[in-house]
Protein chains: 2
Amino acid sequence: MENVAHKKNGVNVDQLVGTIDAVKKDPEVADFRFRARTEWLGGGHCRTTFQNFYGAKQEDTSRNVPIVVEGDEPPVLLGENQGANAVEALLHALGSCLSVGFIYNAAARDINVESLTFDIEGHLDLHAFLGISDKTRPGYQRIQVNYKVKADAPKEELKELCDYVQKTSPVLDVLRNPVTVNVEMI
Amino acid sequence: MENVAHKKNGVNVDQLVGTIDAVKKDPEVADFRFRARTEWLGGGHCRTTFQNFYGAKQEDTSRNVPIVVEGDEPPVLLGENQGANAVEALLHALGSCLSVGFIYNAAARDINVESLTFDIEGHLDLHAFLGISDKTRPGYQRIQVNYKVKADAPKEELKELCDYVQKTSPVLDVLRNPVTVNVEMI
(Lines give C-alpha, C1' and ligand atoms only; values in the text may rest on other atoms or scores of the structure.)
Protein backbone atom coordinates (compact mmCIF):
# COMPACT_ATOMS: atom_id res chain seq x y z
CA MET A 1 0.00 0.00 0.00
CA GLU A 2 1.29 3.43 -0.85
CA ASN A 3 2.09 5.75 2.01
CA VAL A 4 0.49 8.89 0.60
CA ALA A 5 -0.54 11.74 2.92
CA HIS A 6 -4.29 12.30 2.99
CA LYS A 7 -4.65 15.88 1.77
CA LYS A 8 -7.81 17.96 1.57
CA ASN A 9 -7.78 21.62 0.47
CA GLY A 10 -3.99 21.37 0.56
CA VAL A 11 -4.14 20.42 4.24
CA ASN A 12 -2.46 17.23 5.45
CA VAL A 13 -5.43 15.82 7.35
CA ASP A 14 -3.36 12.98 8.84
CA GLN A 15 -0.98 15.54 10.36
CA LEU A 16 -3.94 17.60 11.59
CA VAL A 17 -5.46 14.58 13.35
CA GLY A 18 -2.01 13.63 14.66
CA THR A 19 -1.52 17.14 16.10
CA ILE A 20 -4.89 17.02 17.85
CA ASP A 21 -4.06 13.59 19.29
CA ALA A 22 -0.63 14.78 20.43
CA VAL A 23 -2.20 17.74 22.28
CA LYS A 24 -4.82 15.48 23.87
CA LYS A 25 -2.05 13.23 25.21
CA ASP A 26 0.18 16.11 26.34
CA PRO A 27 -1.43 19.56 26.76
CA GLU A 28 1.99 21.23 26.77
CA VAL A 29 2.31 20.50 23.04
CA ALA A 30 -0.27 23.29 22.53
CA ASP A 31 1.81 26.00 24.24
CA PHE A 32 3.20 28.36 21.62
CA ARG A 33 5.18 31.58 21.86
CA PHE A 34 5.25 33.60 18.66
CA ARG A 35 7.77 36.39 18.20
CA ALA A 36 8.37 39.38 15.99
CA ARG A 37 11.03 42.07 15.86
CA THR A 38 9.99 45.44 14.41
CA GLU A 39 12.77 47.86 13.51
CA TRP A 40 12.13 51.46 12.59
CA LEU A 41 13.78 52.40 9.29
CA GLY A 42 12.87 56.10 8.93
CA GLY A 43 9.65 58.13 8.95
CA GLY A 44 6.64 55.81 8.86
CA HIS A 45 8.72 52.94 7.49
CA CYS A 46 9.54 49.84 9.53
CA ARG A 47 10.48 46.23 8.96
CA THR A 48 9.36 43.22 10.96
CA THR A 49 11.25 39.93 10.93
CA PHE A 50 9.89 36.57 12.04
CA GLN A 51 12.15 33.58 12.45
CA ASN A 52 12.02 31.46 15.56
CA PHE A 53 9.09 30.61 17.77
CA TYR A 54 8.48 28.10 20.50
CA GLY A 55 5.85 25.40 20.03
CA ALA A 56 5.23 21.67 20.30
CA LYS A 57 7.72 21.65 23.20
CA GLN A 58 10.68 22.98 21.23
CA GLU A 59 12.17 25.97 19.46
CA ASP A 60 11.14 25.87 15.81
CA THR A 61 14.04 25.85 13.34
CA SER A 62 12.13 25.47 10.09
CA ARG A 63 12.92 28.97 8.83
CA ASN A 64 16.48 29.15 7.52
CA VAL A 65 15.96 32.77 6.60
CA PRO A 66 13.61 35.07 8.42
CA ILE A 67 10.24 36.05 6.96
CA VAL A 68 10.16 39.81 6.44
CA VAL A 69 7.23 42.24 6.26
CA GLU A 70 7.53 45.97 5.63
CA GLY A 71 5.25 48.59 7.13
CA ASP A 72 4.76 52.18 6.02
CA GLU A 73 2.10 54.84 5.70
CA PRO A 74 0.60 56.20 2.48
CA PRO A 75 1.60 59.78 1.51
CA VAL A 76 -1.61 61.26 2.98
CA LEU A 77 -0.38 59.90 6.33
CA LEU A 78 3.21 61.10 5.78
CA GLY A 79 4.68 57.88 4.40
CA GLU A 80 5.86 56.48 1.09
CA ASN A 81 3.74 53.34 0.62
CA GLN A 82 6.69 51.00 1.21
CA GLY A 83 4.29 48.62 2.92
CA ALA A 84 0.77 48.45 4.25
CA ASN A 85 0.22 50.49 7.38
CA ALA A 86 -0.34 49.06 10.85
CA VAL A 87 -4.13 49.06 10.79
CA GLU A 88 -4.14 47.52 7.32
CA ALA A 89 -1.68 44.85 8.54
CA LEU A 90 -4.20 44.10 11.28
CA LEU A 91 -6.86 43.43 8.63
CA HIS A 92 -4.46 41.00 6.94
CA ALA A 93 -3.90 39.23 10.27
CA LEU A 94 -7.67 38.85 10.59
CA GLY A 95 -8.23 37.67 7.00
CA SER A 96 -5.32 35.25 7.23
CA CYS A 97 -6.62 33.81 10.51
CA LEU A 98 -10.15 33.31 9.17
CA SER A 99 -8.73 31.75 5.99
CA VAL A 100 -6.63 29.17 7.86
CA GLY A 101 -9.43 28.45 10.33
CA PHE A 102 -11.98 27.97 7.58
CA ILE A 103 -9.76 25.76 5.42
CA TYR A 104 -8.41 23.54 8.22
CA ASN A 105 -11.87 22.97 9.65
CA ALA A 106 -13.35 22.37 6.19
CA ALA A 107 -10.65 19.74 5.64
CA ALA A 108 -11.48 18.11 8.98
CA ARG A 109 -15.18 18.01 7.95
CA ASP A 110 -14.33 16.57 4.53
CA ILE A 111 -15.56 19.68 2.69
CA ASN A 112 -13.72 20.53 -0.55
CA VAL A 113 -13.17 24.28 -0.91
CA GLU A 114 -12.65 25.65 -4.41
CA SER A 115 -12.20 29.32 -3.54
CA LEU A 116 -12.40 31.56 -0.49
CA THR A 117 -12.06 35.35 -0.33
CA PHE A 118 -12.42 37.84 2.51
CA ASP A 119 -13.09 41.54 1.84
CA ILE A 120 -12.41 43.46 5.01
CA GLU A 121 -13.03 47.09 5.85
CA GLY A 122 -12.32 48.94 9.07
CA HIS A 123 -13.64 52.37 10.08
CA LEU A 124 -11.12 54.54 11.85
CA ASP A 125 -11.36 58.07 13.19
CA LEU A 126 -7.88 59.63 13.33
CA HIS A 127 -8.74 62.21 16.02
CA ALA A 128 -7.23 60.20 18.87
CA PHE A 129 -4.08 59.14 16.99
CA LEU A 130 -3.45 62.77 16.04
CA GLY A 131 -3.91 63.82 19.66
CA ILE A 132 -6.80 66.15 18.87
CA SER A 133 -9.56 64.45 20.84
CA ASP A 134 -9.84 61.79 23.51
CA LYS A 135 -13.57 61.38 22.89
CA THR A 136 -13.10 58.92 20.03
CA ARG A 137 -11.19 55.65 20.42
CA PRO A 138 -7.80 55.41 18.69
CA GLY A 139 -8.57 52.11 16.97
CA TYR A 140 -11.21 50.80 14.60
CA GLN A 141 -14.76 51.65 15.55
CA ARG A 142 -15.95 48.55 13.72
CA ILE A 143 -14.65 46.02 11.23
CA GLN A 144 -16.76 44.43 8.50
CA VAL A 145 -15.70 41.12 6.95
CA ASN A 146 -17.54 39.92 3.85
CA TYR A 147 -16.57 36.46 2.67
CA LYS A 148 -17.31 34.52 -0.48
CA VAL A 149 -16.81 30.77 -0.64
CA LYS A 150 -17.21 28.08 -3.27
CA ALA A 151 -17.32 24.59 -1.81
CA ASP A 152 -19.12 21.25 -2.12
CA ALA A 153 -21.40 21.85 0.87
CA PRO A 154 -24.77 23.59 1.28
CA LYS A 155 -24.71 27.30 2.13
CA GLU A 156 -26.15 26.69 5.60
CA GLU A 157 -23.40 24.20 6.39
CA LEU A 158 -20.75 26.69 5.26
CA LYS A 159 -22.30 29.41 7.42
CA GLU A 160 -22.31 27.05 10.38
CA LEU A 161 -18.67 26.24 9.68
CA CYS A 162 -17.86 29.96 9.61
CA ASP A 163 -19.67 30.45 12.94
CA TYR A 164 -17.46 27.74 14.41
CA VAL A 165 -14.34 29.30 12.88
CA GLN A 166 -15.25 32.64 14.47
CA LYS A 167 -15.48 31.01 17.90
CA THR A 168 -12.01 29.48 17.58
CA SER A 169 -10.11 32.19 15.66
CA PRO A 170 -7.13 33.53 17.63
CA VAL A 171 -7.07 36.94 15.89
CA LEU A 172 -10.83 37.43 16.04
CA ASP A 173 -10.68 36.60 19.77
CA VAL A 174 -8.11 39.29 20.57
CA LEU A 175 -10.11 41.84 18.58
CA ARG A 176 -13.50 41.02 20.08
CA ASN A 177 -12.11 40.55 23.59
CA PRO A 178 -9.43 42.38 25.57
CA VAL A 179 -5.92 41.00 25.76
CA THR A 180 -3.18 42.08 28.14
CA VAL A 181 -0.36 43.88 26.35
CA ASN A 182 2.60 44.88 28.47
CA VAL A 183 4.99 47.47 26.99
CA GLU A 184 8.40 47.89 28.62
CA MET A 185 11.59 49.78 27.86
CA ILE A 186 14.69 47.60 28.01
CA MET B 1 14.11 81.69 1.12
CA GLU B 2 14.23 78.04 0.21
CA ASN B 3 11.00 76.09 0.44
CA VAL B 4 12.42 72.98 2.12
CA ALA B 5 10.13 70.66 4.09
CA HIS B 6 10.93 70.56 7.79
CA LYS B 7 11.79 66.91 8.41
CA LYS B 8 12.50 65.20 11.72
CA ASN B 9 13.13 61.44 11.98
CA GLY B 10 12.14 61.29 8.32
CA VAL B 11 8.74 62.78 9.17
CA ASN B 12 7.55 65.88 7.34
CA VAL B 13 6.62 67.92 10.41
CA ASP B 14 5.00 70.68 8.33
CA GLN B 15 2.65 68.11 6.79
CA LEU B 16 1.96 66.63 10.22
CA VAL B 17 1.01 70.03 11.63
CA GLY B 18 -1.01 70.75 8.46
CA THR B 19 -2.93 67.48 8.85
CA ILE B 20 -3.77 68.24 12.47
CA ASP B 21 -4.96 71.74 11.49
CA ALA B 22 -7.05 70.33 8.63
CA VAL B 23 -8.78 67.90 11.00
CA LYS B 24 -9.39 70.64 13.55
CA LYS B 25 -11.11 72.72 10.86
CA ASP B 26 -13.09 69.82 9.41
CA PRO B 27 -13.49 66.69 11.56
CA GLU B 28 -14.54 64.64 8.52
CA VAL B 29 -10.95 64.77 7.27
CA ALA B 30 -10.16 62.25 10.04
CA ASP B 31 -12.64 59.61 8.83
CA PHE B 32 -10.73 56.74 7.26
CA ARG B 33 -11.81 53.38 5.91
CA PHE B 34 -8.99 50.91 5.40
CA ARG B 35 -9.51 47.82 3.28
CA ALA B 36 -7.86 44.48 2.66
CA ARG B 37 -8.71 41.51 0.47
CA THR B 38 -7.46 38.12 1.63
CA GLU B 39 -7.55 35.26 -0.86
CA TRP B 40 -6.94 31.66 0.06
CA LEU B 41 -4.27 30.03 -2.14
CA GLY B 42 -4.14 26.47 -0.79
CA GLY B 43 -3.61 24.84 2.61
CA GLY B 44 -2.51 27.48 5.14
CA HIS B 45 -1.35 29.84 2.40
CA CYS B 46 -3.16 33.10 1.62
CA ARG B 47 -2.41 36.45 0.04
CA THR B 48 -3.72 39.84 1.13
CA THR B 49 -3.77 42.83 -1.20
CA PHE B 50 -4.11 46.46 -0.14
CA GLN B 51 -4.72 49.19 -2.66
CA ASN B 52 -7.44 51.75 -2.15
CA PHE B 53 -8.74 53.25 1.03
CA TYR B 54 -10.92 56.20 1.89
CA GLY B 55 -9.49 59.08 3.90
CA ALA B 56 -9.16 62.88 4.00
CA LYS B 57 -12.58 63.02 2.28
CA GLN B 58 -11.56 61.07 -0.82
CA GLU B 59 -10.58 57.71 -2.21
CA ASP B 60 -6.81 57.38 -2.08
CA THR B 61 -5.15 56.69 -5.43
CA SER B 62 -1.49 56.81 -4.39
CA ARG B 63 -0.88 53.09 -4.92
CA ASN B 64 -0.52 52.30 -8.61
CA VAL B 65 0.06 48.67 -7.80
CA PRO B 66 -1.38 46.94 -4.75
CA ILE B 67 0.74 46.16 -1.71
CA VAL B 68 0.84 42.41 -1.20
CA VAL B 69 1.44 40.35 1.95
CA GLU B 70 1.55 36.55 2.09
CA GLY B 71 0.34 34.48 5.00
CA ASP B 72 1.12 30.84 5.77
CA GLU B 73 1.76 28.49 8.64
CA PRO B 74 5.08 26.85 9.55
CA PRO B 75 5.34 23.06 8.91
CA VAL B 76 4.55 22.22 12.55
CA LEU B 77 1.18 23.90 11.92
CA LEU B 78 0.69 22.22 8.54
CA GLY B 79 2.03 25.01 6.31
CA GLU B 80 5.09 25.75 4.21
CA ASN B 81 6.44 29.00 5.67
CA GLN B 82 5.40 31.04 2.64
CA GLY B 83 4.62 33.92 4.97
CA ALA B 84 4.23 34.70 8.64
CA ASN B 85 1.11 33.23 10.18
CA ALA B 86 -1.91 35.22 11.31
CA VAL B 87 -0.92 35.66 14.93
CA GLU B 88 2.61 36.65 13.92
CA ALA B 89 1.14 39.16 11.44
CA LEU B 90 -0.79 40.60 14.37
CA LEU B 91 2.49 41.18 16.23
CA HIS B 92 3.80 43.03 13.17
CA ALA B 93 0.67 45.21 13.13
CA LEU B 94 1.33 46.06 16.77
CA GLY B 95 5.06 46.75 16.32
CA SER B 96 4.41 48.83 13.22
CA CYS B 97 1.74 50.87 15.01
CA LEU B 98 3.97 51.57 18.00
CA SER B 99 6.86 52.48 15.69
CA VAL B 100 4.83 55.04 13.71
CA GLY B 101 3.24 56.44 16.85
CA PHE B 102 6.58 56.81 18.61
CA ILE B 103 8.36 58.37 15.64
CA TYR B 104 5.60 60.82 14.65
CA ASN B 105 5.14 61.99 18.22
CA ALA B 106 8.89 62.24 18.77
CA ALA B 107 9.07 64.43 15.66
CA ALA B 108 6.25 66.62 16.98
CA ARG B 109 8.17 66.99 20.28
CA ASP B 110 11.42 67.78 18.48
CA ILE B 111 13.13 64.60 19.70
CA ASN B 112 15.70 63.07 17.33
CA VAL B 113 15.47 59.29 17.27
CA GLU B 114 18.53 57.36 16.17
CA SER B 115 17.17 53.82 16.49
CA LEU B 116 14.02 52.11 17.72
CA THR B 117 13.33 48.38 17.98
CA PHE B 118 10.40 46.40 19.36
CA ASP B 119 10.77 42.76 20.39
CA ILE B 120 7.33 41.26 20.75
CA GLU B 121 6.25 37.90 22.08
CA GLY B 122 2.75 36.48 22.41
CA HIS B 123 1.71 33.42 24.42
CA LEU B 124 -0.87 31.26 22.72
CA ASP B 125 -2.52 28.00 23.77
CA LEU B 126 -3.70 26.09 20.70
CA HIS B 127 -6.37 24.06 22.52
CA ALA B 128 -9.24 26.29 21.42
CA PHE B 129 -8.08 26.68 17.81
CA LEU B 130 -7.75 22.89 17.53
CA GLY B 131 -11.25 22.46 18.96
CA ILE B 132 -10.03 20.39 21.90
CA SER B 133 -11.05 22.67 24.75
CA ASP B 134 -13.26 25.70 25.23
CA LYS B 135 -11.68 26.47 28.61
CA THR B 136 -8.76 28.40 27.13
CA ARG B 137 -9.21 31.44 24.90
CA PRO B 138 -8.36 31.02 21.21
CA GLY B 139 -6.15 34.11 21.08
CA TYR B 140 -3.06 35.35 22.87
CA GLN B 141 -3.19 35.06 26.63
CA ARG B 142 -0.78 37.96 26.89
CA ILE B 143 1.61 39.94 24.72
CA GLN B 144 4.93 41.33 25.87
CA VAL B 145 6.55 44.24 24.02
CA ASN B 146 10.14 45.15 24.89
CA TYR B 147 11.43 48.26 23.19
CA LYS B 148 14.87 49.78 22.88
CA VAL B 149 15.33 53.38 21.80
CA LYS B 150 18.29 55.67 21.17
CA ALA B 151 17.32 59.33 21.10
CA ASP B 152 18.44 62.77 22.26
CA ALA B 153 16.07 62.89 25.23
CA PRO B 154 16.29 61.62 28.82
CA LYS B 155 15.04 58.12 29.51
CA GLU B 156 12.12 59.41 31.59
CA GLU B 157 10.96 61.66 28.75
CA LEU B 158 11.12 58.74 26.32
CA LYS B 159 9.11 56.57 28.70
CA GLU B 160 6.52 59.32 29.05
CA LEU B 161 6.40 59.59 25.25
CA CYS B 162 5.84 55.83 25.02
CA ASP B 163 3.02 56.06 27.58
CA TYR B 164 1.37 58.68 25.41
CA VAL B 165 1.90 56.56 22.28
CA GLN B 166 0.21 53.63 24.02
CA LYS B 167 -2.83 55.78 24.78
CA THR B 168 -3.22 56.81 21.15
CA SER B 169 -2.16 53.65 19.28
CA PRO B 170 -4.94 52.27 17.06
CA VAL B 171 -3.69 48.67 17.11
CA LEU B 172 -2.97 48.64 20.84
CA ASP B 173 -6.48 50.00 21.42
CA VAL B 174 -8.21 47.18 19.53
CA LEU B 175 -6.11 44.61 21.39
CA ARG B 176 -6.60 46.03 24.86
CA ASN B 177 -10.27 46.88 24.27
CA PRO B 178 -13.04 45.04 22.42
CA VAL B 179 -13.93 46.03 18.87
CA THR B 180 -17.02 44.99 16.94
CA VAL B 181 -16.20 42.63 14.07
CA ASN B 182 -19.09 41.61 11.85
CA VAL B 183 -18.54 38.57 9.60
CA GLU B 184 -21.01 38.01 6.78
CA MET B 185 -21.28 35.64 3.81
CA ILE B 186 -21.94 37.45 0.52
# chains A, B, ... in the order shown; residues from 1 in each chain; ligands from 1
$ calpha_fit_rmsd --fixed "chain B" --moving "chain A"
0.0 Å
$ select_by_dssp --residues "chain B" --states "helix (DSSP H, G or I)" --output "ChimeraX atom specification"
/B:13-25,27-30,75-77,86-108,155-168,170-176
$ residues_around --residues "Leu124 of chain A" --least-positions-apart "5" --cutoff "6 Å" --atoms "only C-alpha atoms" --output "short mmCIF file (atom, residue, chain, number, x, y, z; two decimals) with N, CA and C atoms, in the first residue's frame"
data_model
loop_
_atom_site.label_atom_id
_atom_site.label_comp_id
_atom_site.auth_asym_id
_atom_site.auth_seq_id
_atom_site.Cartn_x
_atom_site.Cartn_y
_atom_site.Cartn_z
N TYR A 140 -10.01 50.98 15.43
CA TYR A 140 -11.21 50.80 14.60
C TYR A 140 -12.47 50.90 15.44
N GLN A 141 -13.45 51.59 14.89
CA GLN A 141 -14.76 51.65 15.55
C GLN A 141 -15.53 50.38 15.28
N PHE B 32 -11.43 57.64 8.19
CA PHE B 32 -10.73 56.74 7.26
C PHE B 32 -11.41 55.38 7.21
#
$ closest_residue --among "A:Asn112, A:Gln166, A:Thr117, A:Thr49" --to "chain B" --atoms "only C-alpha atoms"
A:Thr117
$ residues_around --residues "Leu77 of chain A" --least-positions-apart "4" --cutoff "12 Å" --atoms "only C-alpha atoms" --output "ChimeraX atom specification"
/A:43-45,72-73,81,84-86,126,129-130 /B:11-13,15-20,29-30,32,53,55-56,60,62,100-101,104
$ residues_around --residues "Leu172 of chain A" --least-positions-apart "5" --cutoff "8 Å" --atoms "only C-alpha atoms" --output "count of residues only"
5
$ decode --residues "segment 102-117 of chain B" --atoms "all heavy atoms" --output "mmCIF file, in the first residue's frame"
data_model
loop_
_atom_site.group_PDB
_atom_site.id
_atom_site.type_symbol
_atom_site.label_atom_id
_atom_site.label_comp_id
_atom_site.auth_asym_id
_atom_site.auth_seq_id
_atom_site.Cartn_x
_atom_site.Cartn_y
_atom_site.Cartn_z
ATOM 1 N N PHE B 102 5.411 56.292 17.883
ATOM 2 C CA PHE B 102 6.578 56.807 18.613
ATOM 3 C C PHE B 102 7.320 57.846 17.768
ATOM 4 O O PHE B 102 7.662 58.935 18.250
ATOM 5 C CB PHE B 102 7.513 55.648 18.979
ATOM 6 C CG PHE B 102 8.496 55.977 20.065
ATOM 7 C CD1 PHE B 102 8.244 55.613 21.374
ATOM 8 C CD2 PHE B 102 9.668 56.663 19.785
ATOM 9 C CE1 PHE B 102 9.147 55.918 22.392
ATOM 10 C CE2 PHE B 102 10.572 56.980 20.780
ATOM 11 C CZ PHE B 102 10.312 56.610 22.094
ATOM 12 N N ILE B 103 7.553 57.506 16.510
ATOM 13 C CA ILE B 103 8.358 58.370 15.643
ATOM 14 C C ILE B 103 7.631 59.679 15.319
ATOM 15 O O ILE B 103 8.231 60.766 15.370
ATOM 16 C CB ILE B 103 8.738 57.603 14.350
ATOM 17 C CG1 ILE B 103 9.716 56.474 14.676
ATOM 18 C CG2 ILE B 103 9.298 58.545 13.291
ATOM 19 C CD1 ILE B 103 11.030 56.906 15.310
ATOM 20 N N TYR B 104 6.352 59.600 14.992
ATOM 21 C CA TYR B 104 5.603 60.818 14.649
ATOM 22 C C TYR B 104 5.508 61.746 15.867
ATOM 23 O O TYR B 104 5.663 62.962 15.744
ATOM 24 C CB TYR B 104 4.196 60.465 14.140
ATOM 25 C CG TYR B 104 4.145 59.966 12.704
ATOM 26 C CD1 TYR B 104 5.267 59.414 12.084
ATOM 27 C CD2 TYR B 104 2.969 60.026 11.960
ATOM 28 C CE1 TYR B 104 5.213 58.940 10.780
ATOM 29 C CE2 TYR B 104 2.906 59.566 10.643
ATOM 30 C CZ TYR B 104 4.036 59.019 10.063
ATOM 31 O OH TYR B 104 3.975 58.563 8.762
ATOM 32 N N ASN B 105 5.253 61.151 17.022
ATOM 33 C CA ASN B 105 5.139 61.988 18.219
ATOM 34 C C ASN B 105 6.492 62.525 18.682
ATOM 35 O O ASN B 105 6.577 63.636 19.203
ATOM 36 C CB ASN B 105 4.438 61.224 19.345
ATOM 37 C CG ASN B 105 2.930 61.172 19.128
ATOM 38 O OD1 ASN B 105 2.256 62.201 19.202
ATOM 39 N ND2 ASN B 105 2.410 59.998 18.820
ATOM 40 N N ALA B 106 7.544 61.737 18.470
ATOM 41 C CA ALA B 106 8.892 62.239 18.770
ATOM 42 C C ALA B 106 9.192 63.437 17.874
ATOM 43 O O ALA B 106 9.724 64.465 18.336
ATOM 44 C CB ALA B 106 9.935 61.134 18.569
ATOM 45 N N ALA B 107 8.842 63.326 16.603
ATOM 46 C CA ALA B 107 9.066 64.430 15.661
ATOM 47 C C ALA B 107 8.312 65.681 16.112
ATOM 48 O O ALA B 107 8.867 66.793 16.108
ATOM 49 C CB ALA B 107 8.629 64.019 14.252
ATOM 50 N N ALA B 108 7.072 65.486 16.534
ATOM 51 C CA ALA B 108 6.255 66.624 16.983
ATOM 52 C C ALA B 108 6.845 67.274 18.234
ATOM 53 O O ALA B 108 6.673 68.473 18.464
ATOM 54 C CB ALA B 108 4.821 66.162 17.242
ATOM 55 N N ARG B 109 7.548 66.472 19.041
ATOM 56 C CA ARG B 109 8.169 66.992 20.278
ATOM 57 C C ARG B 109 9.624 67.390 20.068
ATOM 58 O O ARG B 109 10.353 67.611 21.033
ATOM 59 C CB ARG B 109 8.088 65.926 21.379
ATOM 60 C CG ARG B 109 6.678 65.641 21.841
ATOM 61 C CD ARG B 109 6.639 64.537 22.878
ATOM 62 N NE ARG B 109 5.259 64.173 23.180
ATOM 63 C CZ ARG B 109 4.872 63.566 24.294
ATOM 64 N NH1 ARG B 109 5.773 63.245 25.216
ATOM 65 N NH2 ARG B 109 3.610 63.271 24.501
ATOM 66 N N ASP B 110 10.058 67.363 18.834
ATOM 67 C CA ASP B 110 11.418 67.782 18.481
ATOM 68 C C ASP B 110 12.499 66.868 19.071
ATOM 69 O O ASP B 110 13.608 67.309 19.378
ATOM 70 C CB ASP B 110 11.645 69.237 18.939
ATOM 71 C CG ASP B 110 12.574 69.971 17.971
ATOM 72 O OD1 ASP B 110 12.592 69.611 16.774
ATOM 73 O OD2 ASP B 110 13.299 70.884 18.414
ATOM 74 N N ILE B 111 12.159 65.603 19.221
ATOM 75 C CA ILE B 111 13.125 64.605 19.697
ATOM 76 C C ILE B 111 13.702 63.863 18.485
ATOM 77 O O ILE B 111 12.947 63.376 17.640
ATOM 78 C CB ILE B 111 12.450 63.590 20.652
ATOM 79 C CG1 ILE B 111 11.960 64.296 21.918
ATOM 80 C CG2 ILE B 111 13.392 62.430 20.989
ATOM 81 C CD1 ILE B 111 11.087 63.436 22.823
ATOM 82 N N ASN B 112 15.033 63.815 18.401
ATOM 83 C CA ASN B 112 15.696 63.071 17.327
ATOM 84 C C ASN B 112 15.889 61.623 17.750
ATOM 85 O O ASN B 112 16.564 61.354 18.745
ATOM 86 C CB ASN B 112 17.075 63.673 17.029
ATOM 87 C CG ASN B 112 16.966 65.043 16.394
ATOM 88 O OD1 ASN B 112 16.424 65.190 15.308
ATOM 89 N ND2 ASN B 112 17.462 66.061 17.098
ATOM 90 N N VAL B 113 15.316 60.720 16.978
ATOM 91 C CA VAL B 113 15.473 59.291 17.271
ATOM 92 C C VAL B 113 16.534 58.713 16.348
ATOM 93 O O VAL B 113 16.504 58.914 15.136
ATOM 94 C CB VAL B 113 14.138 58.539 17.085
ATOM 95 C CG1 VAL B 113 14.311 57.050 17.408
ATOM 96 C CG2 VAL B 113 13.054 59.155 17.967
ATOM 97 N N GLU B 114 17.457 57.979 16.946
ATOM 98 C CA GLU B 114 18.533 57.358 16.175
ATOM 99 C C GLU B 114 18.153 55.924 15.805
ATOM 100 O O GLU B 114 18.360 55.476 14.679
ATOM 101 C CB GLU B 114 19.804 57.361 17.030
ATOM 102 C CG GLU B 114 21.075 57.051 16.276
ATOM 103 C CD GLU B 114 22.266 56.950 17.218
ATOM 104 O OE1 GLU B 114 22.427 57.853 18.094
ATOM 105 O OE2 GLU B 114 23.005 55.960 17.119
ATOM 106 N N SER B 115 17.617 55.192 16.765
ATOM 107 C CA SER B 115 17.168 53.824 16.485
ATOM 108 C C SER B 115 16.026 53.454 17.425
ATOM 109 O O SER B 115 15.901 54.001 18.529
ATOM 110 C CB SER B 115 18.324 52.833 16.643
ATOM 111 O OG SER B 115 18.730 52.782 17.989
ATOM 112 N N LEU B 116 15.208 52.537 16.957
ATOM 113 C CA LEU B 116 14.022 52.115 17.720
ATOM 114 C C LEU B 116 13.663 50.692 17.299
ATOM 115 O O LEU B 116 13.455 50.414 16.118
ATOM 116 C CB LEU B 116 12.851 53.069 17.409
ATOM 117 C CG LEU B 116 11.505 52.766 18.049
ATOM 118 C CD1 LEU B 116 11.565 52.853 19.572
ATOM 119 C CD2 LEU B 116 10.434 53.734 17.511
ATOM 120 N N THR B 117 13.622 49.792 18.268
ATOM 121 C CA THR B 117 13.329 48.380 17.984
ATOM 122 C C THR B 117 12.329 47.838 18.997
ATOM 123 O O THR B 117 12.419 48.141 20.190
ATOM 124 C CB THR B 117 14.619 47.525 18.076
ATOM 125 O OG1 THR B 117 15.612 48.101 17.226
ATOM 126 C CG2 THR B 117 14.373 46.086 17.627
#
